[in-house]
Structure formats: structure tokens, C-alpha cells
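**Q** The structure file work-v6.cif (mmCIF, C-alpha atoms, pLDDT in the B column; chains and numbers go by the auth columns) is provided below.
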data_coords
#
loop_
_atom_site.group_PDB
_atom_site.id
_atom_site.type_symbol
_atom_site.label_atom_id
_atom_site.label_comp_id
_atom_site.label_asym_id
_atom_site.label_seq_id
_atom_site.Cartn_x
_atom_site.Cartn_y
_atom_site.Cartn_z
_atom_site.B_iso_or_equiv
_atom_site.auth_seq_id
_atom_site.auth_asym_id
ATOM 1 C CA PHE A 1 0.000 0.000 0.000 92.00 1 A
ATOM 2 C CA GLY A 2 1.217 3.497 -0.723 95.00 2 A
ATOM 3 C CA ASP A 3 1.954 3.810 -4.444 97.00 3 A
ATOM 4 C CA PHE A 4 -0.603 6.072 -6.102 98.00 4 A
ATOM 5 C CA GLU A 5 -1.329 7.220 -9.643 98.00 5 A
ATOM 6 C CA MET A 6 -2.972 10.603 -10.290 98.00 6 A
ATOM 7 C CA ASP A 7 -4.765 12.157 -13.256 97.00 7 A
ATOM 8 C CA THR A 8 -7.614 14.499 -14.143 96.00 8 A
ATOM 9 C CA ILE A 9 -10.846 14.132 -16.074 94.00 9 A
ATOM 10 C CA VAL A 10 -11.780 17.321 -17.900 91.00 10 A
ATOM 11 C CA GLY A 11 -15.258 18.346 -19.000 84.00 11 A
ATOM 12 C CA ARG A 12 -16.353 19.632 -22.381 80.00 12 A
ATOM 13 C CA GLY A 13 -14.511 22.749 -23.483 77.00 13 A
ATOM 14 C CA ASN A 14 -12.092 22.465 -20.534 74.00 14 A
ATOM 15 C CA HIS A 15 -14.894 23.563 -18.193 78.00 15 A
ATOM 16 C CA GLY A 16 -14.589 21.801 -14.873 87.00 16 A
ATOM 17 C CA ALA A 17 -12.351 18.925 -13.860 93.00 17 A
ATOM 18 C CA ILE A 18 -12.189 15.948 -11.529 95.00 18 A
ATOM 19 C CA VAL A 19 -8.929 14.857 -9.905 97.00 19 A
ATOM 20 C CA THR A 20 -8.603 11.086 -9.613 98.00 20 A
ATOM 21 C CA LEU A 21 -6.097 9.063 -7.599 98.00 21 A
ATOM 22 C CA ILE A 22 -5.811 5.302 -7.360 98.00 22 A
ATOM 23 C CA GLU A 23 -3.677 3.170 -5.059 98.00 23 A
ATOM 24 C CA ARG A 24 -1.946 0.561 -7.203 96.00 24 A
ATOM 25 C CA SER A 25 -2.129 -2.547 -5.009 96.00 25 A
ATOM 26 C CA THR A 26 -5.656 -2.137 -3.596 97.00 26 A
ATOM 27 C CA ASN A 27 -7.274 -0.167 -6.463 96.00 27 A
ATOM 28 C CA MET A 28 -8.704 2.212 -3.863 97.00 28 A
ATOM 29 C CA LEU A 29 -9.999 5.177 -5.870 98.00 29 A
ATOM 30 C CA PHE A 30 -10.221 8.771 -4.686 98.00 30 A
ATOM 31 C CA MET A 31 -11.912 11.440 -6.753 96.00 31 A
ATOM 32 C CA ARG A 32 -12.975 14.999 -6.142 96.00 32 A
ATOM 33 C CA LYS A 33 -14.450 17.681 -8.354 94.00 33 A
ATOM 34 C CA LEU A 34 -12.287 20.774 -8.762 93.00 34 A
ATOM 35 C CA LYS A 35 -14.285 23.993 -8.548 89.00 35 A
ATOM 36 C CA LYS A 36 -11.772 25.998 -10.585 89.00 36 A
ATOM 37 C CA GLY A 37 -11.095 23.399 -13.256 88.00 37 A
ATOM 38 C CA LYS A 38 -7.468 22.456 -13.859 91.00 38 A
ATOM 39 C CA ASN A 39 -6.095 25.041 -11.401 94.00 39 A
ATOM 40 C CA ALA A 40 -2.768 23.751 -10.047 96.00 40 A
ATOM 41 C CA LYS A 41 -3.054 25.234 -6.547 97.00 41 A
ATOM 42 C CA GLU A 42 -6.601 23.989 -6.045 96.00 42 A
ATOM 43 C CA LEU A 43 -5.611 20.542 -7.288 97.00 43 A
ATOM 44 C CA ALA A 44 -2.661 20.416 -4.876 98.00 44 A
ATOM 45 C CA ARG A 45 -4.833 21.456 -1.916 98.00 45 A
ATOM 46 C CA THR A 46 -7.459 18.874 -2.885 97.00 46 A
ATOM 47 C CA VAL A 47 -4.923 16.043 -3.173 98.00 47 A
ATOM 48 C CA ILE A 48 -3.398 16.965 0.186 98.00 48 A
ATOM 49 C CA HIS A 49 -6.871 16.951 1.758 97.00 49 A
ATOM 50 C CA LEU A 50 -7.769 13.577 0.205 98.00 50 A
ATOM 51 C CA LEU A 51 -4.538 11.795 1.094 98.00 51 A
ATOM 52 C CA SER A 52 -3.578 13.365 4.427 97.00 52 A
ATOM 53 C CA PRO A 53 -5.314 10.582 6.452 96.00 53 A
ATOM 54 C CA PHE A 54 -2.898 8.133 4.756 96.00 54 A
ATOM 55 C CA LYS A 55 0.165 10.384 5.066 95.00 55 A
ATOM 56 C CA ASP A 56 2.242 7.838 6.979 95.00 56 A
ATOM 57 C CA HIS A 57 1.634 5.137 4.362 96.00 57 A
ATOM 58 C CA ILE A 58 2.102 7.021 1.071 97.00 58 A
ATOM 59 C CA LYS A 59 5.324 6.173 -0.752 97.00 59 A
ATOM 60 C CA SER A 60 4.902 7.662 -4.222 97.00 60 A
ATOM 61 C CA ILE A 61 2.533 9.361 -6.646 98.00 61 A
ATOM 62 C CA THR A 62 2.930 8.920 -10.410 97.00 62 A
ATOM 63 C CA THR A 63 1.289 11.439 -12.709 97.00 63 A
ATOM 64 C CA ASP A 64 1.699 13.004 -16.133 95.00 64 A
ATOM 65 C CA ASN A 65 3.266 16.323 -17.103 94.00 65 A
ATOM 66 C CA GLY A 66 0.023 18.318 -17.295 93.00 66 A
ATOM 67 C CA THR A 67 0.057 21.959 -16.211 94.00 67 A
ATOM 68 C CA GLU A 68 -2.494 21.136 -13.518 95.00 68 A
ATOM 69 C CA PHE A 69 0.293 19.323 -11.640 97.00 69 A
ATOM 70 C CA ALA A 70 2.590 22.379 -11.535 97.00 70 A
ATOM 71 C CA CYS A 71 2.262 22.583 -7.728 97.00 71 A
ATOM 72 C CA HIS A 72 3.548 19.039 -7.245 98.00 72 A
ATOM 73 C CA GLU A 73 6.186 20.297 -4.815 98.00 73 A
ATOM 74 C CA MET A 74 3.430 21.473 -2.454 98.00 74 A
ATOM 75 C CA ILE A 75 1.963 17.954 -2.477 98.00 75 A
ATOM 76 C CA ALA A 76 5.374 16.333 -2.001 98.00 76 A
ATOM 77 C CA LYS A 77 6.294 18.581 0.909 98.00 77 A
ATOM 78 C CA SER A 78 2.931 18.338 2.707 97.00 78 A
ATOM 79 C CA LEU A 79 2.610 14.566 2.397 97.00 79 A
ATOM 80 C CA GLY A 80 6.307 13.667 2.505 97.00 80 A
ATOM 81 C CA VAL A 81 5.988 11.738 -0.736 97.00 81 A
ATOM 82 C CA THR A 82 8.051 11.312 -3.896 97.00 82 A
ATOM 83 C CA ILE A 83 6.273 12.343 -7.095 98.00 83 A
ATOM 84 C CA TYR A 84 7.203 10.703 -10.386 97.00 84 A
ATOM 85 C CA PHE A 85 6.207 11.889 -13.843 97.00 85 A
ATOM 86 C CA ALA A 86 5.344 9.499 -16.651 95.00 86 A
ATOM 87 C CA ASP A 87 7.127 9.972 -19.952 95.00 87 A
ATOM 88 C CA PRO A 88 5.204 11.911 -22.619 92.00 88 A
ATOM 89 C CA TYR A 89 2.874 9.672 -24.667 91.00 89 A
ATOM 90 C CA ALA A 90 3.452 6.764 -22.254 93.00 90 A
ATOM 91 C CA SER A 91 0.095 6.549 -20.507 90.00 91 A
ATOM 92 C CA TRP A 92 0.779 2.850 -19.869 93.00 92 A
ATOM 93 C CA GLN A 93 3.195 3.994 -17.139 95.00 93 A
ATOM 94 C CA LYS A 94 0.118 4.933 -15.105 96.00 94 A
ATOM 95 C CA GLY A 95 -2.259 2.367 -16.505 95.00 95 A
ATOM 96 C CA ALA A 96 -4.357 1.843 -13.360 97.00 96 A
ATOM 97 C CA ILE A 97 -5.607 5.439 -13.282 97.00 97 A
ATOM 98 C CA GLU A 98 -6.117 5.545 -17.061 96.00 98 A
ATOM 99 C CA ASN A 99 -8.296 2.425 -16.789 96.00 99 A
ATOM 100 C CA ALA A 100 -10.240 3.873 -13.841 97.00 100 A
ATOM 101 C CA ASN A 101 -10.812 7.129 -15.722 96.00 101 A
ATOM 102 C CA GLY A 102 -12.136 5.121 -18.666 94.00 102 A
ATOM 103 C CA LEU A 103 -14.678 3.461 -16.368 95.00 103 A
ATOM 104 C CA ILE A 104 -15.644 6.822 -14.845 94.00 104 A
ATOM 105 C CA ARG A 105 -16.187 8.175 -18.366 91.00 105 A
ATOM 106 C CA GLN A 106 -19.133 5.775 -18.686 91.00 106 A
ATOM 107 C CA TYR A 107 -20.933 7.997 -16.192 89.00 107 A
ATOM 108 C CA VAL A 108 -19.266 11.327 -17.009 86.00 108 A
ATOM 109 C CA PRO A 109 -19.122 11.444 -20.829 83.00 109 A
ATOM 110 C CA LYS A 110 -16.694 13.788 -22.591 82.00 110 A
ATOM 111 C CA LYS A 111 -19.615 15.619 -24.181 77.00 111 A
ATOM 112 C CA LYS A 112 -20.945 16.780 -20.802 76.00 112 A
ATOM 113 C CA PRO A 113 -19.594 19.878 -19.068 74.00 113 A
ATOM 114 C CA LEU A 114 -18.371 19.416 -15.504 74.00 114 A
ATOM 115 C CA SER A 115 -19.712 22.728 -14.293 62.00 115 A
ATOM 116 C CA ILE A 116 -20.814 23.057 -10.666 49.00 116 A
ATOM 117 C CA SER A 117 -24.449 23.399 -11.722 45.00 117 A
ATOM 118 C CA ALA A 118 -24.274 20.169 -13.733 45.00 118 A
ATOM 119 C CA SER A 119 -23.647 18.176 -10.548 46.00 119 A
ATOM 120 C CA ASN A 120 -26.917 19.408 -9.066 44.00 120 A
ATOM 121 C CA LYS A 121 -29.045 17.914 -11.856 45.00 121 A
#
Show me, as C-alpha cells, the structure contained in the file I just sent.

**A**
Amino acid sequence: FGDFEMDTIVGRGNHGAIVTLIERSTNMLFMRKLKKGKNAKELARTVIHLLSPFKDHIKSITTDNGTEFACHEMIAKSLGVTIYFADPYASWQKGAIENANGLIRQYVPKKKPLSISASNK
């Protein structure tokens, strides 16, 4: 336990986003809607909030090079974790989260916006 993969699901027209994290050995999935879309600071605060109960058990987080992960140092410092970045065009390096996001897309299609009001319908 302790090796996580992280990614985002973005709504239509880049409006709204969901941050997703999965623990590799247990497939425990964490997800949270981001109010400001792919905002790096909000994403970092959200990840810290989601994973802080497991702080003593987290070893690593693997993610891609998206701009939404620009505040990765804030996550690393707060959680005491090493963050790895997958190579460009090598989504297989974080295959568990890519698979989970594909399953989530069954319920949150790409054609739908992820605006705050959409979640109330």
C-alpha cells in the first residue's frame, strides 16, 4: 500500500475537472471535483486533503506532465511523498488510473460539461 497514480478528467470545453487518484495494489480510488477546473493550486490542496489521512503510508505518486500538476512540490512537501512523472505519450506507465478514468467516463461522458451546476441535476 502506498503507491498512487494521479490524473484528471476534464469536461467539455475544458470547463470543470475531476482529480482522480488510485492506489496501485488495492485499487482504492479517490476522486474529487475541482471547482476551478485544472487550477494547479486547487488541485494540490485537494490532493493533500484527500490523502492526508494516509500520510504515513504514502510512498509515491505517479502522474503526467500536465500543467495542472505544476504545484507538485506542495503535495510532495505536505505529504512527505516522492512524485514521479510518466514519460510523454506513455500513458501505460500509469495504466491503473487511465483504466479507472475510462470506467468513470461511462458515467461522465466527454460531451458533458463538468460545471458546478451540472452536478446538481

**Q** Residues near Glu42 of chain A, anyone? I mean within 12 Å using all atoms listed in the file, not counting same-chain ones fewer than 2 positions away, as a list in words.

**A**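 Within the cut-off, the hits are Ala17, Ile18, Val19, Arg32, Lys33, Leu34, Lys35, Lys36, Gly37, Lys38, Asn39, Ala40, Ala44, Arg45, Thr46, Val47, Ile48, His49, Glu68, Phe69, Ala70, Cys71, His72, Met74 and Ile75 of chain A.
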
**Q** Atoms to include: C-alpha atoms. Write the selected residues as an mmCIF file, keeping the file's coordinate frame.

**A**
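Final output, again-v1.cif:
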data_model
loop_
_atom_site.group_PDB
_atom_site.id
_atom_site.type_symbol
_atom_site.label_atom_id
_atom_site.label_comp_id
_atom_site.auth_asym_id
_atom_site.auth_seq_id
_atom_site.Cartn_x
_atom_site.Cartn_y
_atom_site.Cartn_z
ATOM 1 C CA ALA A 17 -12.351 18.925 -13.860
ATOM 2 C CA ILE A 18 -12.189 15.948 -11.529
ATOM 3 C CA VAL A 19 -8.929 14.857 -9.905
ATOM 4 C CA ARG A 32 -12.975 14.999 -6.142
ATOM 5 C CA LYS A 33 -14.450 17.681 -8.354
ATOM 6 C CA LEU A 34 -12.287 20.774 -8.762
ATOM 7 C CA LYS A 35 -14.285 23.993 -8.548
ATOM 8 C CA LYS A 36 -11.772 25.998 -10.585
ATOM 9 C CA GLY A 37 -11.095 23.399 -13.256
ATOM 10 C CA LYS A 38 -7.468 22.456 -13.859
ATOM 11 C CA ASN A 39 -6.095 25.041 -11.401
ATOM 12 C CA ALA A 40 -2.768 23.751 -10.047
ATOM 13 C CA ALA A 44 -2.661 20.416 -4.876
ATOM 14 C CA ARG A 45 -4.833 21.456 -1.916
ATOM 15 C CA THR A 46 -7.459 18.874 -2.885
ATOM 16 C CA VAL A 47 -4.923 16.043 -3.173
ATOM 17 C CA ILE A 48 -3.398 16.965 0.186
ATOM 18 C CA HIS A 49 -6.871 16.951 1.758
ATOM 19 C CA GLU A 68 -2.494 21.136 -13.518
ATOM 20 C CA PHE A 69 0.293 19.323 -11.640
ATOM 21 C CA ALA A 70 2.590 22.379 -11.535
ATOM 22 C CA CYS A 71 2.262 22.583 -7.728
ATOM 23 C CA HIS A 72 3.548 19.039 -7.245
ATOM 24 C CA MET A 74 3.430 21.473 -2.454
ATOM 25 C CA ILE A 75 1.963 17.954 -2.477
#

**Q** Name the residues in contact with Ile9 of chain A at a cut-off of 9 Å, using all atoms listed in the file, excluding same-chain residues fewer than 6 positions from it; report them as a list in words.

**A**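 Using all atoms listed in the file, the neighbours found are Gly16, Ala17, Ile18, Val19, Thr20, Asn101, Ile104, Arg105, Val108 and Lys110 of chain A.
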
**Q** Print the selection's residues with C-alpha atoms to a file, as a CSV table (one decimal), keeping the file's coordinate frame.

**A**
chain,number,residue,atom,x,y,z
A,16,GLY,CA,-14.6,21.8,-14.9
A,17,ALA,CA,-12.4,18.9,-13.9
A,18,ILE,CA,-12.2,15.9,-11.5
A,19,VAL,CA,-8.9,14.9,-9.9
A,20,THR,CA,-8.6,11.1,-9.6
A,101,ASN,CA,-10.8,7.1,-15.7
A,104,ILE,CA,-15.6,6.8,-14.8
A,105,ARG,CA,-16.2,8.2,-18.4
A,108,VAL,CA,-19.3,11.3,-17.0
A,110,LYS,CA,-16.7,13.8,-22.6

**Q** Could you work out an axis-aligned box for segment 88-104 of chain A, taking every atom the file lists and adding 3 Å on each side, and report centre and edge lengths in Å to one decimal, as lines of an AutoDock Vina configuration file?

**A**
center_x = -5.2
center_y = 6.9
center_z = -19.0
size_x = 26.8
size_y = 16.1
size_z = 17.4

**Q** Nearest to Gly66 of chain A among A:Asn27, A:Asn99, A:Gln106, A:Thr8, with distances taken over all atoms listed in the file: which residue is it?

**A** A:Thr8

**Q** Evaluating the PyMOL selection byres ((chain A and resi 83) around 9) on the displayed file yields which residues, as a VMD selection string?

**A** chain A and resid 59 to 63 72 to 73 75 to 76 81 to 82 84 to 85

**Q** Would you write out, as an MDAnalysis selection string, every residue that the PyMOL selection byres ((chain A and resi 26) around 10) captures in this file?

**A** chainID A and resid 1:4 22:25 27:29

**Q** Name the residues captured by the PyMOL selection byres ((chain A and resi 13) around 10) when it is applied to the shown file; answer as a CSV table (one decimal) with C-alpha atoms, in the coordinates of the input.

**A**
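Written output follows (selection_38.csv):
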chain,number,residue,atom,x,y,z
A,10,VAL,CA,-11.8,17.3,-17.9
A,11,GLY,CA,-15.3,18.3,-19.0
A,12,ARG,CA,-16.4,19.6,-22.4
A,14,ASN,CA,-12.1,22.5,-20.5
A,15,HIS,CA,-14.9,23.6,-18.2
A,16,GLY,CA,-14.6,21.8,-14.9
A,110,LYS,CA,-16.7,13.8,-22.6
A,111,LYS,CA,-19.6,15.6,-24.2
A,112,LYS,CA,-20.9,16.8,-20.8
A,113,PRO,CA,-19.6,19.9,-19.1
A,114,LEU,CA,-18.4,19.4,-15.5

**Q** What does the distance from atom CA of Ala100 of chain A to atom CA of Leu21 of chain A come to in Å, to one decimal?

**A**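 A separation of 9.1 Å between them.
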
**Q** Tell me, in Å to one decimal, how far atom CA of Glu5 of chain A is from atom CA of Phe30 of chain A.

**A**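 Separation of atom CA of Glu5 of chain A and atom CA of Phe30 of chain A: 10.3 Å.
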